[in-house]
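my_file.cif (mmCIF, C-alpha atoms and all ligand atoms)
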```
data_upload
#
loop_
_atom_site.label_atom_id
_atom_site.label_comp_id
_atom_site.auth_asym_id
_atom_site.auth_seq_id
_atom_site.Cartn_x
_atom_site.Cartn_y
_atom_site.Cartn_z
CA MET A 1 107.56 68.10 88.34
CA HIS A 2 105.15 70.94 89.23
CA THR A 3 105.11 74.15 87.25
CA LEU A 4 104.47 77.52 88.82
CA ILE A 5 104.14 80.79 86.92
CA PHE A 6 106.12 83.60 88.56
CA ALA A 7 104.09 86.79 88.09
CA THR A 8 106.93 89.25 87.63
CA ASN A 9 108.54 91.33 84.92
CA ASN A 10 111.71 91.78 86.96
CA ARG A 11 114.42 89.52 85.49
CA ASN A 12 116.68 89.99 88.54
CA LYS A 13 114.01 88.50 90.78
CA VAL A 14 113.62 85.61 88.34
CA ALA A 15 117.36 84.90 88.38
CA GLU A 16 117.54 85.00 92.18
CA ILE A 17 114.53 82.74 92.65
CA GLN A 18 115.53 80.27 89.93
CA SER A 19 118.89 79.88 91.68
CA LEU A 20 116.99 78.65 94.77
CA VAL A 21 114.54 76.20 93.27
CA GLY A 22 115.11 72.47 93.62
CA ASN A 23 114.24 69.77 91.11
CA ASN A 24 110.58 69.42 92.02
CA PHE A 25 109.43 72.73 90.61
CA GLU A 26 109.77 74.55 87.35
CA ILE A 27 109.39 78.30 87.65
CA ILE A 28 108.01 79.95 84.53
CA PRO A 29 108.52 83.72 84.31
CA LEU A 30 105.81 85.75 82.56
CA LYS A 31 107.98 86.29 79.52
CA GLU A 32 108.43 82.53 79.02
CA ALA A 33 104.70 82.03 79.55
CA GLY A 34 104.14 84.43 76.65
CA ILE A 35 102.43 86.99 78.88
CA GLU A 36 103.38 90.58 78.25
CA ILE A 37 101.47 92.88 80.52
CA GLU A 38 102.34 95.61 82.98
CA ILE A 39 100.90 94.28 86.24
CA PRO A 40 99.23 96.95 88.35
CA GLU A 41 100.55 97.75 91.85
CA PRO A 42 97.94 100.22 93.10
CA HIS A 43 97.94 99.43 96.83
CA ASP A 44 99.82 100.87 99.80
CA GLN A 45 100.71 97.48 101.31
CA LEU A 46 103.16 94.91 99.94
CA GLU A 47 100.67 92.13 100.70
CA ALA A 48 97.87 93.73 98.65
CA ASN A 49 100.16 94.43 95.69
CA ALA A 50 101.51 90.89 95.77
CA GLN A 51 97.94 89.58 95.77
CA GLU A 52 96.96 91.89 92.90
CA LYS A 53 99.89 90.63 90.80
CA ALA A 54 99.19 86.95 91.49
CA MET A 55 95.41 87.30 90.94
CA THR A 56 95.96 89.17 87.67
CA ILE A 57 98.01 86.27 86.32
CA PHE A 58 95.75 83.59 87.80
CA ASN A 59 92.71 85.20 86.15
CA LEU A 60 94.57 85.20 82.82
CA THR A 61 95.97 81.67 82.97
CA ASN A 62 93.94 79.70 85.53
CA GLN A 63 97.26 78.14 86.57
CA ASP A 64 99.06 77.92 89.91
CA CYS A 65 101.22 80.98 90.26
CA PHE A 66 102.96 83.27 92.70
CA SER A 67 104.16 86.84 92.83
CA GLU A 68 106.29 88.84 95.18
CA ASP A 69 106.38 92.46 96.21
CA THR A 70 109.48 93.82 97.91
CA GLY A 71 110.14 97.10 99.65
CA LEU A 72 113.13 98.78 101.26
CA GLU A 73 111.87 100.15 104.58
CA ILE A 74 114.11 102.83 106.11
CA ALA A 75 113.41 103.67 109.75
CA ALA A 76 114.52 107.32 109.60
CA LEU A 77 112.24 107.88 106.58
CA GLY A 78 109.18 106.46 108.34
CA GLY A 79 109.38 103.19 106.39
CA ALA A 80 109.86 104.83 102.96
CA PRO A 81 110.41 104.03 100.16
CA GLY A 82 108.57 100.85 101.21
CA VAL A 83 105.81 99.87 98.86
CA LYS A 84 106.94 102.65 96.48
CA SER A 85 110.49 101.26 96.16
CA ALA A 86 110.30 100.75 92.39
CA ARG A 87 109.09 104.30 91.72
CA TYR A 88 110.38 106.34 94.67
CA ALA A 89 111.83 109.11 92.48
CA GLY A 90 108.81 109.15 90.16
CA ASP A 91 106.71 106.86 87.99
CA ASN A 92 109.40 106.28 85.37
CA SER A 93 112.36 106.40 87.72
CA ASN A 94 115.27 104.00 87.52
CA ALA A 95 117.42 102.45 90.25
CA GLN A 96 120.00 105.23 90.11
CA ALA A 97 117.39 107.98 90.56
CA ASN A 98 115.79 106.08 93.44
CA ILE A 99 119.15 105.60 95.15
CA ASP A 100 120.07 109.26 94.65
CA LEU A 101 116.82 110.31 96.32
CA VAL A 102 117.36 107.97 99.28
CA LEU A 103 120.94 109.18 99.77
CA SER A 104 119.93 112.83 99.61
CA LYS A 105 117.10 112.32 102.11
CA MET A 106 119.51 110.44 104.40
CA THR A 107 122.21 113.14 104.32
CA GLY A 108 123.34 113.87 107.86
CA ILE A 109 121.04 111.25 109.39
CA GLU A 110 122.81 108.98 111.86
CA ASN A 111 120.17 106.30 112.20
CA ARG A 112 120.77 104.27 109.00
CA THR A 113 118.67 101.27 110.07
CA ALA A 114 116.63 99.67 107.28
CA GLN A 115 115.18 96.40 106.13
CA PHE A 116 114.19 94.73 102.91
CA ARG A 117 110.83 93.01 103.22
CA THR A 118 109.52 90.54 100.64
CA VAL A 119 105.95 89.29 100.59
CA ILE A 120 105.14 86.33 98.36
CA CYS A 121 101.55 85.62 97.37
CA LEU A 122 100.93 82.06 96.17
CA ILE A 123 97.76 80.95 94.44
CA TRP A 124 97.72 77.19 94.66
CA LYS A 125 94.72 75.07 93.82
CA ASN A 126 92.48 78.12 94.05
CA GLN A 127 93.67 79.09 97.54
CA THR A 128 95.81 82.10 98.46
CA TYR A 129 98.82 81.89 100.79
CA TYR A 130 101.37 84.48 101.95
CA PHE A 131 105.03 84.17 102.93
CA GLU A 132 107.32 86.90 104.25
CA GLY A 133 111.08 87.36 104.38
CA ILE A 134 112.92 90.21 106.13
CA CYS A 135 116.57 91.20 105.93
CA LYS A 136 117.68 93.87 108.41
CA GLY A 137 120.67 96.10 107.76
CA GLN A 138 122.03 99.60 107.25
CA ILE A 139 121.97 102.22 104.50
CA LEU A 140 125.44 103.27 103.32
CA THR A 141 126.35 106.91 102.65
CA THR A 142 127.68 106.13 99.15
CA MET A 143 127.12 103.42 96.56
CA LYS A 144 129.35 100.35 96.78
CA GLY A 145 129.55 97.52 94.21
CA GLU A 146 128.25 96.69 90.77
CA ASN A 147 126.32 93.43 91.22
CA GLY A 148 122.67 92.82 92.02
CA PHE A 149 119.96 95.38 91.28
CA GLY A 150 117.79 98.11 92.75
CA TYR A 151 119.05 99.38 96.10
CA ASP A 152 121.75 96.69 96.48
CA PRO A 153 124.67 99.21 96.20
CA ILE A 154 123.55 101.12 99.31
CA PHE A 155 122.47 98.23 101.59
CA VAL A 156 124.63 96.22 103.98
CA ALA A 157 122.87 93.34 105.74
CA ASP A 158 123.43 92.85 109.46
CA GLY A 159 126.30 90.39 109.87
CA ALA A 160 127.72 91.17 106.42
CA SER A 161 130.90 93.10 105.74
CA LYS A 162 130.02 94.35 102.26
CA SER A 163 127.04 95.68 100.33
CA PHE A 164 124.66 93.36 98.47
CA ALA A 165 126.09 94.82 95.25
CA ASN A 166 129.55 93.63 96.28
CA MET A 167 128.28 90.07 96.73
CA THR A 168 127.72 87.20 94.34
CA MET A 169 124.14 85.99 94.11
CA GLU A 170 125.05 83.02 96.31
CA GLU A 171 126.49 85.33 98.98
CA LYS A 172 123.42 87.59 98.85
CA ASN A 173 121.21 84.52 99.26
CA GLN A 174 122.82 83.82 102.64
CA PHE A 175 121.18 86.99 103.96
CA SER A 176 118.40 87.92 101.61
CA HIS A 177 114.76 88.71 102.32
CA ARG A 178 113.83 86.98 99.04
CA LYS A 179 115.66 83.78 99.97
CA LYS A 180 113.86 83.69 103.35
CA ALA A 181 110.43 84.14 101.77
CA VAL A 182 111.15 81.64 98.98
CA THR A 183 112.41 79.06 101.47
CA GLN A 184 109.08 79.25 103.29
CA LEU A 185 107.22 78.98 100.00
CA PHE A 186 109.01 75.79 99.02
CA GLU A 187 108.82 74.33 102.52
CA PHE A 188 105.06 74.85 102.31
CA LEU A 189 104.82 73.34 98.84
CA GLY A 190 106.94 70.44 100.01
CA THR A 191 104.34 69.60 102.62
CA LEU A 192 101.47 69.34 100.14
P1 LIG A 201 107.46 93.06 89.57
O1 LIG A 201 106.41 93.89 90.22
O2 LIG A 201 107.26 92.83 88.11
O3 LIG A 201 107.73 91.78 90.32
P2 LIG A 201 109.23 95.26 90.28
O4 LIG A 201 110.63 95.60 89.91
O5 LIG A 201 108.15 96.26 90.00
O6 LIG A 201 108.88 93.85 89.64
P3 LIG A 201 108.61 95.53 93.10
O7 LIG A 201 107.31 96.17 92.83
O8 LIG A 201 108.65 94.46 94.13
O9 LIG A 201 109.25 94.88 91.79
O10 LIG A 201 109.62 96.72 93.38
C1 LIG A 201 110.55 96.67 94.30
C2 LIG A 201 111.71 97.54 93.90
O11 LIG A 201 112.56 97.45 95.04
C3 LIG A 201 112.51 96.98 92.72
O12 LIG A 201 112.23 97.62 91.53
C4 LIG A 201 113.95 97.26 93.16
O13 LIG A 201 114.32 98.55 92.80
C5 LIG A 201 113.85 97.18 94.65
N1 LIG A 201 114.25 95.84 95.11
C6 LIG A 201 113.47 94.73 95.22
N2 LIG A 201 114.20 93.69 95.65
C7 LIG A 201 115.45 94.14 95.81
C8 LIG A 201 116.67 93.56 96.20
O14 LIG A 201 116.75 92.27 96.50
N3 LIG A 201 117.76 94.32 96.25
C9 LIG A 201 117.69 95.63 95.93
N4 LIG A 201 116.61 96.26 95.53
C10 LIG A 201 115.48 95.53 95.47
#
```
Written as structure tokens, that's how I'd like the structure from this file.
Ligand code: ITT
Amino acid sequence: MHTLIFATNNRNKVAEIQSLVGNNFEIIPLKEAGIEIEIPEPHDQLEANAQEKAMTIFNLTNQDCFSEDTGLEIAALGGAPGVKSARYAGDNSNAQANIDLVLSKMTGIENRTAQFRTVICLIWKNQTYYFEGICKGQILTTMKGENGFGYDPIFVADGASKSFANMTMEEKNQFSHRKKAVTQLFEFLGTL
């Protein structure tokens, strides 16, 4: 059994990723590792923020670890909120405020095309690797559903008939950006 620290403070991400991990790996969230820090995300690219998060934890622990940075990229908003997805409506904004801002900016806009993009940064035996997962879809005009987190109530994946927030975690995993990136991560680790 290998252990990997997951450099995140987002418990929803932890739950989604733990639901995908097989028996060969144990994923240890920061909280369980006894690490309580706010990890900086100062960059304007998902890749650079993911690397910053993973390196911060690697430098603290000297253990194999990974992080992920995810953004909702909306075509009609020039790719926003993108790398700023967690704080689109301001530094201390919550999911509801971020959704409200997206919906108000999208009022009257016909092109509702968007995608979630997840970048995972893995630090494994002192080397850095990246994995990406994309889920394309559409932005709804109103919130639908109570499950999930973040922008899930306003996103419908291509090929799906309901929002991510109207899905169980297992249903979301059939489409999700995170699942695609994590699958690549574990395929890679499986080859080592
Ligand atoms: P860590 O940096 O600690 O991992 P975070 O919440 O700050 O956690 P991100 O920087 O990746 O995570 O922020 C991405 C934001 O995008 C996140 O706060 C959610 O609001 C949103 N988000 C990420 N994944 C999502 C998903 O699967 N469904 C809906 N919204 C999501």
Name the closest residue to ligand LIG 201 (chain A) among the candidates A:Leu185, A:Ala75, A:Ala160, A:Ile37; distances are taken between atoms, counting only C-alpha atoms and all ligand atoms.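 Smallest separation from ligand LIG 201 (chain A) among the options: A:Ile37.
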Contacts of A:Glu32 at 12 Å (all atoms listed in the file; same-chain gap of 2+ positions) as a ChimeraX atom specification: /A:4-9,11,14,26-30,34-36
Using all atoms listed in the file, which of A:Gly90, A:Ile120, A:Glu47, A:Glu146 sits nearest A:Ile17? A:Ile120
Write out, as CSV, each residue of chain A that has an atom at most 6 Å from ligand LIG 201 (chain A), together with the closest pair of atoms and their distance in Å to one decimal, counting all atoms listed in the file, rows going by chain and rising number.
```
residue,atom,partner,partner_atom,distance
A:Thr8,CA,A:LIG201,O2,3.6
A:Asn9,CA,A:LIG201,O2,3.8
A:Asn10,CA,A:LIG201,O6,4.4
A:Glu68,CA,A:LIG201,O3,5.9
A:Asp69,CA,A:LIG201,O8,3.7
A:Thr70,CA,A:LIG201,O8,3.9
A:Gly71,CA,A:LIG201,O11,5.2
A:Ser85,CA,A:LIG201,O11,4.5
A:Ala86,CA,A:LIG201,O12,3.8
A:Ala95,CA,A:LIG201,O13,5.6
A:Phe149,CA,A:LIG201,C9,5.2
A:Gly150,CA,A:LIG201,O13,3.5
A:Tyr151,CA,A:LIG201,C9,4.0
A:Asp152,CA,A:LIG201,C9,4.2
```
Would you output that residue set with C-alpha atoms, as a short mmCIF file (atom, residue, chain, number, x, y, z; two decimals), keeping the file's coordinate frame?
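File produced: out.cif:
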```
data_model
loop_
_atom_site.label_atom_id
_atom_site.label_comp_id
_atom_site.auth_asym_id
_atom_site.auth_seq_id
_atom_site.Cartn_x
_atom_site.Cartn_y
_atom_site.Cartn_z
CA THR A 8 106.93 89.25 87.63
CA ASN A 9 108.54 91.33 84.92
CA ASN A 10 111.71 91.78 86.96
CA GLU A 68 106.29 88.84 95.18
CA ASP A 69 106.38 92.46 96.21
CA THR A 70 109.48 93.82 97.91
CA GLY A 71 110.14 97.10 99.65
CA SER A 85 110.49 101.26 96.16
CA ALA A 86 110.30 100.75 92.39
CA ALA A 95 117.42 102.45 90.25
CA PHE A 149 119.96 95.38 91.28
CA GLY A 150 117.79 98.11 92.75
CA TYR A 151 119.05 99.38 96.10
CA ASP A 152 121.75 96.69 96.48
#
```
Take atom CA of A:Asp44 and atom CA of A:Thr118 and report the distance between them in Å, one decimal. 14.2 Å
Counting only C-alpha atoms, the residue of A:Gly133, A:Glu171, A:Asn126, A:Phe164 that sits nearest A:Asp64: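 Closest to A:Asp64 of all the choices is A:Asn126.
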In Å to one decimal, how far is atom CA of A:Asp91 from atom CA of A:Asn173?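 Going from atom CA of A:Asn173 over to atom CA of A:Asp91 covers 28.9 Å.
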Would you please work out which residue, of A:Thr183, A:Gln51, A:Phe155, A:Leu122, is nearest to A:Gly22 when using all atoms listed in the file? A:Thr183
Fill-in result for stretch 56-67 of chain A, all heavy atoms as a PDB file, keeping the file's coordinate frame:
```
ATOM      1  N   THR A  56      96.003  88.747  89.081  1.00  0.00           N
ATOM      2  CA  THR A  56      95.960  89.170  87.670  1.00  0.00           C
ATOM      3  C   THR A  56      96.393  88.022  86.769  1.00  0.00           C
ATOM      4  O   THR A  56      95.756  87.714  85.749  1.00  0.00           O
ATOM      5  CB  THR A  56      96.884  90.392  87.452  1.00  0.00           C
ATOM      6  OG1 THR A  56      96.445  91.447  88.292  1.00  0.00           O
ATOM      7  CG2 THR A  56      96.871  90.857  86.002  1.00  0.00           C
ATOM      8  N   ILE A  57      97.479  87.359  87.160  1.00  0.00           N
ATOM      9  CA  ILE A  57      98.010  86.270  86.320  1.00  0.00           C
ATOM     10  C   ILE A  57      97.145  85.010  86.438  1.00  0.00           C
ATOM     11  O   ILE A  57      96.902  84.315  85.451  1.00  0.00           O
ATOM     12  CB  ILE A  57      99.479  85.992  86.696  1.00  0.00           C
ATOM     13  CG1 ILE A  57     100.316  87.237  86.391  1.00  0.00           C
ATOM     14  CG2 ILE A  57     100.013  84.779  85.947  1.00  0.00           C
ATOM     15  CD1 ILE A  57     100.118  87.845  85.002  1.00  0.00           C
ATOM     16  N   PHE A  58      96.636  84.759  87.637  1.00  0.00           N
ATOM     17  CA  PHE A  58      95.750  83.590  87.800  1.00  0.00           C
ATOM     18  C   PHE A  58      94.494  83.761  86.934  1.00  0.00           C
ATOM     19  O   PHE A  58      94.062  82.817  86.269  1.00  0.00           O
ATOM     20  CB  PHE A  58      95.372  83.407  89.273  1.00  0.00           C
ATOM     21  CG  PHE A  58      94.463  82.228  89.486  1.00  0.00           C
ATOM     22  CD1 PHE A  58      94.953  80.930  89.376  1.00  0.00           C
ATOM     23  CD2 PHE A  58      93.122  82.417  89.748  1.00  0.00           C
ATOM     24  CE1 PHE A  58      94.114  79.835  89.552  1.00  0.00           C
ATOM     25  CE2 PHE A  58      92.276  81.324  89.923  1.00  0.00           C
ATOM     26  CZ  PHE A  58      92.778  80.039  89.825  1.00  0.00           C
ATOM     27  N   ASN A  59      93.929  84.955  86.944  1.00  0.00           N
ATOM     28  CA  ASN A  59      92.710  85.200  86.150  1.00  0.00           C
ATOM     29  C   ASN A  59      92.975  85.049  84.650  1.00  0.00           C
ATOM     30  O   ASN A  59      92.097  84.662  83.890  1.00  0.00           O
ATOM     31  CB  ASN A  59      92.139  86.587  86.446  1.00  0.00           C
ATOM     32  CG  ASN A  59      91.503  86.633  87.827  1.00  0.00           C
ATOM     33  OD1 ASN A  59      91.106  85.601  88.354  1.00  0.00           O
ATOM     34  ND2 ASN A  59      91.433  87.811  88.421  1.00  0.00           N
ATOM     35  N   LEU A  60      94.212  85.342  84.240  1.00  0.00           N
ATOM     36  CA  LEU A  60      94.570  85.200  82.820  1.00  0.00           C
ATOM     37  C   LEU A  60      94.830  83.744  82.444  1.00  0.00           C
ATOM     38  O   LEU A  60      94.516  83.323  81.327  1.00  0.00           O
ATOM     39  CB  LEU A  60      95.868  85.971  82.539  1.00  0.00           C
ATOM     40  CG  LEU A  60      95.792  87.394  82.031  1.00  0.00           C
ATOM     41  CD1 LEU A  60      97.210  87.935  81.871  1.00  0.00           C
ATOM     42  CD2 LEU A  60      95.083  87.434  80.683  1.00  0.00           C
ATOM     43  N   THR A  61      95.447  82.988  83.347  1.00  0.00           N
ATOM     44  CA  THR A  61      95.970  81.670  82.970  1.00  0.00           C
ATOM     45  C   THR A  61      95.227  80.498  83.610  1.00  0.00           C
ATOM     46  O   THR A  61      95.313  79.378  83.124  1.00  0.00           O
ATOM     47  CB  THR A  61      97.445  81.536  83.427  1.00  0.00           C
ATOM     48  OG1 THR A  61      97.487  81.621  84.861  1.00  0.00           O
ATOM     49  CG2 THR A  61      98.309  82.622  82.814  1.00  0.00           C
ATOM     50  N   ASN A  62      94.563  80.772  84.743  1.00  0.00           N
ATOM     51  CA  ASN A  62      93.940  79.700  85.530  1.00  0.00           C
ATOM     52  C   ASN A  62      94.955  78.647  85.962  1.00  0.00           C
ATOM     53  O   ASN A  62      94.629  77.478  86.121  1.00  0.00           O
ATOM     54  CB  ASN A  62      92.805  79.061  84.726  1.00  0.00           C
ATOM     55  CG  ASN A  62      91.726  78.554  85.646  1.00  0.00           C
ATOM     56  OD1 ASN A  62      91.576  79.073  86.757  1.00  0.00           O
ATOM     57  ND2 ASN A  62      91.000  77.545  85.210  1.00  0.00           N
ATOM     58  N   GLN A  63      96.212  79.083  86.141  1.00  0.00           N
ATOM     59  CA  GLN A  63      97.260  78.140  86.570  1.00  0.00           C
ATOM     60  C   GLN A  63      97.843  78.572  87.917  1.00  0.00           C
ATOM     61  O   GLN A  63      97.840  79.765  88.243  1.00  0.00           O
ATOM     62  CB  GLN A  63      98.395  78.129  85.558  1.00  0.00           C
ATOM     63  CG  GLN A  63      98.024  77.437  84.255  1.00  0.00           C
ATOM     64  CD  GLN A  63      99.239  77.308  83.356  1.00  0.00           C
ATOM     65  OE1 GLN A  63     100.301  76.868  83.782  1.00  0.00           O
ATOM     66  NE2 GLN A  63      99.086  77.699  82.109  1.00  0.00           N
ATOM     67  N   ASP A  64      98.376  77.599  88.653  1.00  0.00           N
ATOM     68  CA  ASP A  64      99.060  77.920  89.910  1.00  0.00           C
ATOM     69  C   ASP A  64     100.148  78.948  89.625  1.00  0.00           C
ATOM     70  O   ASP A  64     100.897  78.823  88.649  1.00  0.00           O
ATOM     71  CB  ASP A  64      99.709  76.669  90.509  1.00  0.00           C
ATOM     72  CG  ASP A  64      98.670  75.625  90.882  1.00  0.00           C
ATOM     73  OD1 ASP A  64      97.558  76.014  91.285  1.00  0.00           O
ATOM     74  OD2 ASP A  64      98.972  74.423  90.770  1.00  0.00           O
ATOM     75  N   CYS A  65     100.229  79.938  90.510  1.00  0.00           N
ATOM     76  CA  CYS A  65     101.220  80.980  90.260  1.00  0.00           C
ATOM     77  C   CYS A  65     101.576  81.687  91.572  1.00  0.00           C
ATOM     78  O   CYS A  65     100.908  81.492  92.587  1.00  0.00           O
ATOM     79  CB  CYS A  65     100.705  82.012  89.252  1.00  0.00           C
ATOM     80  SG  CYS A  65      99.265  82.928  89.797  1.00  0.00           S
ATOM     81  N   PHE A  66     102.641  82.437  91.542  1.00  0.00           N
ATOM     82  CA  PHE A  66     102.960  83.270  92.700  1.00  0.00           C
ATOM     83  C   PHE A  66     103.570  84.580  92.213  1.00  0.00           C
ATOM     84  O   PHE A  66     104.028  84.703  91.069  1.00  0.00           O
ATOM     85  CB  PHE A  66     103.916  82.555  93.680  1.00  0.00           C
ATOM     86  CG  PHE A  66     105.328  82.403  93.189  1.00  0.00           C
ATOM     87  CD1 PHE A  66     106.322  83.269  93.628  1.00  0.00           C
ATOM     88  CD2 PHE A  66     105.676  81.397  92.294  1.00  0.00           C
ATOM     89  CE1 PHE A  66     107.635  83.138  93.191  1.00  0.00           C
ATOM     90  CE2 PHE A  66     106.984  81.262  91.847  1.00  0.00           C
ATOM     91  CZ  PHE A  66     107.967  82.130  92.289  1.00  0.00           C
ATOM     92  N   SER A  67     103.537  85.557  93.111  1.00  0.00           N
ATOM     93  CA  SER A  67     104.160  86.840  92.830  1.00  0.00           C
ATOM     94  C   SER A  67     104.923  87.240  94.075  1.00  0.00           C
ATOM     95  O   SER A  67     104.760  86.613  95.132  1.00  0.00           O
ATOM     96  CB  SER A  67     103.096  87.901  92.566  1.00  0.00           C
ATOM     97  OG  SER A  67     102.420  88.135  93.779  1.00  0.00           O
TER      98      SER A  67
END
```
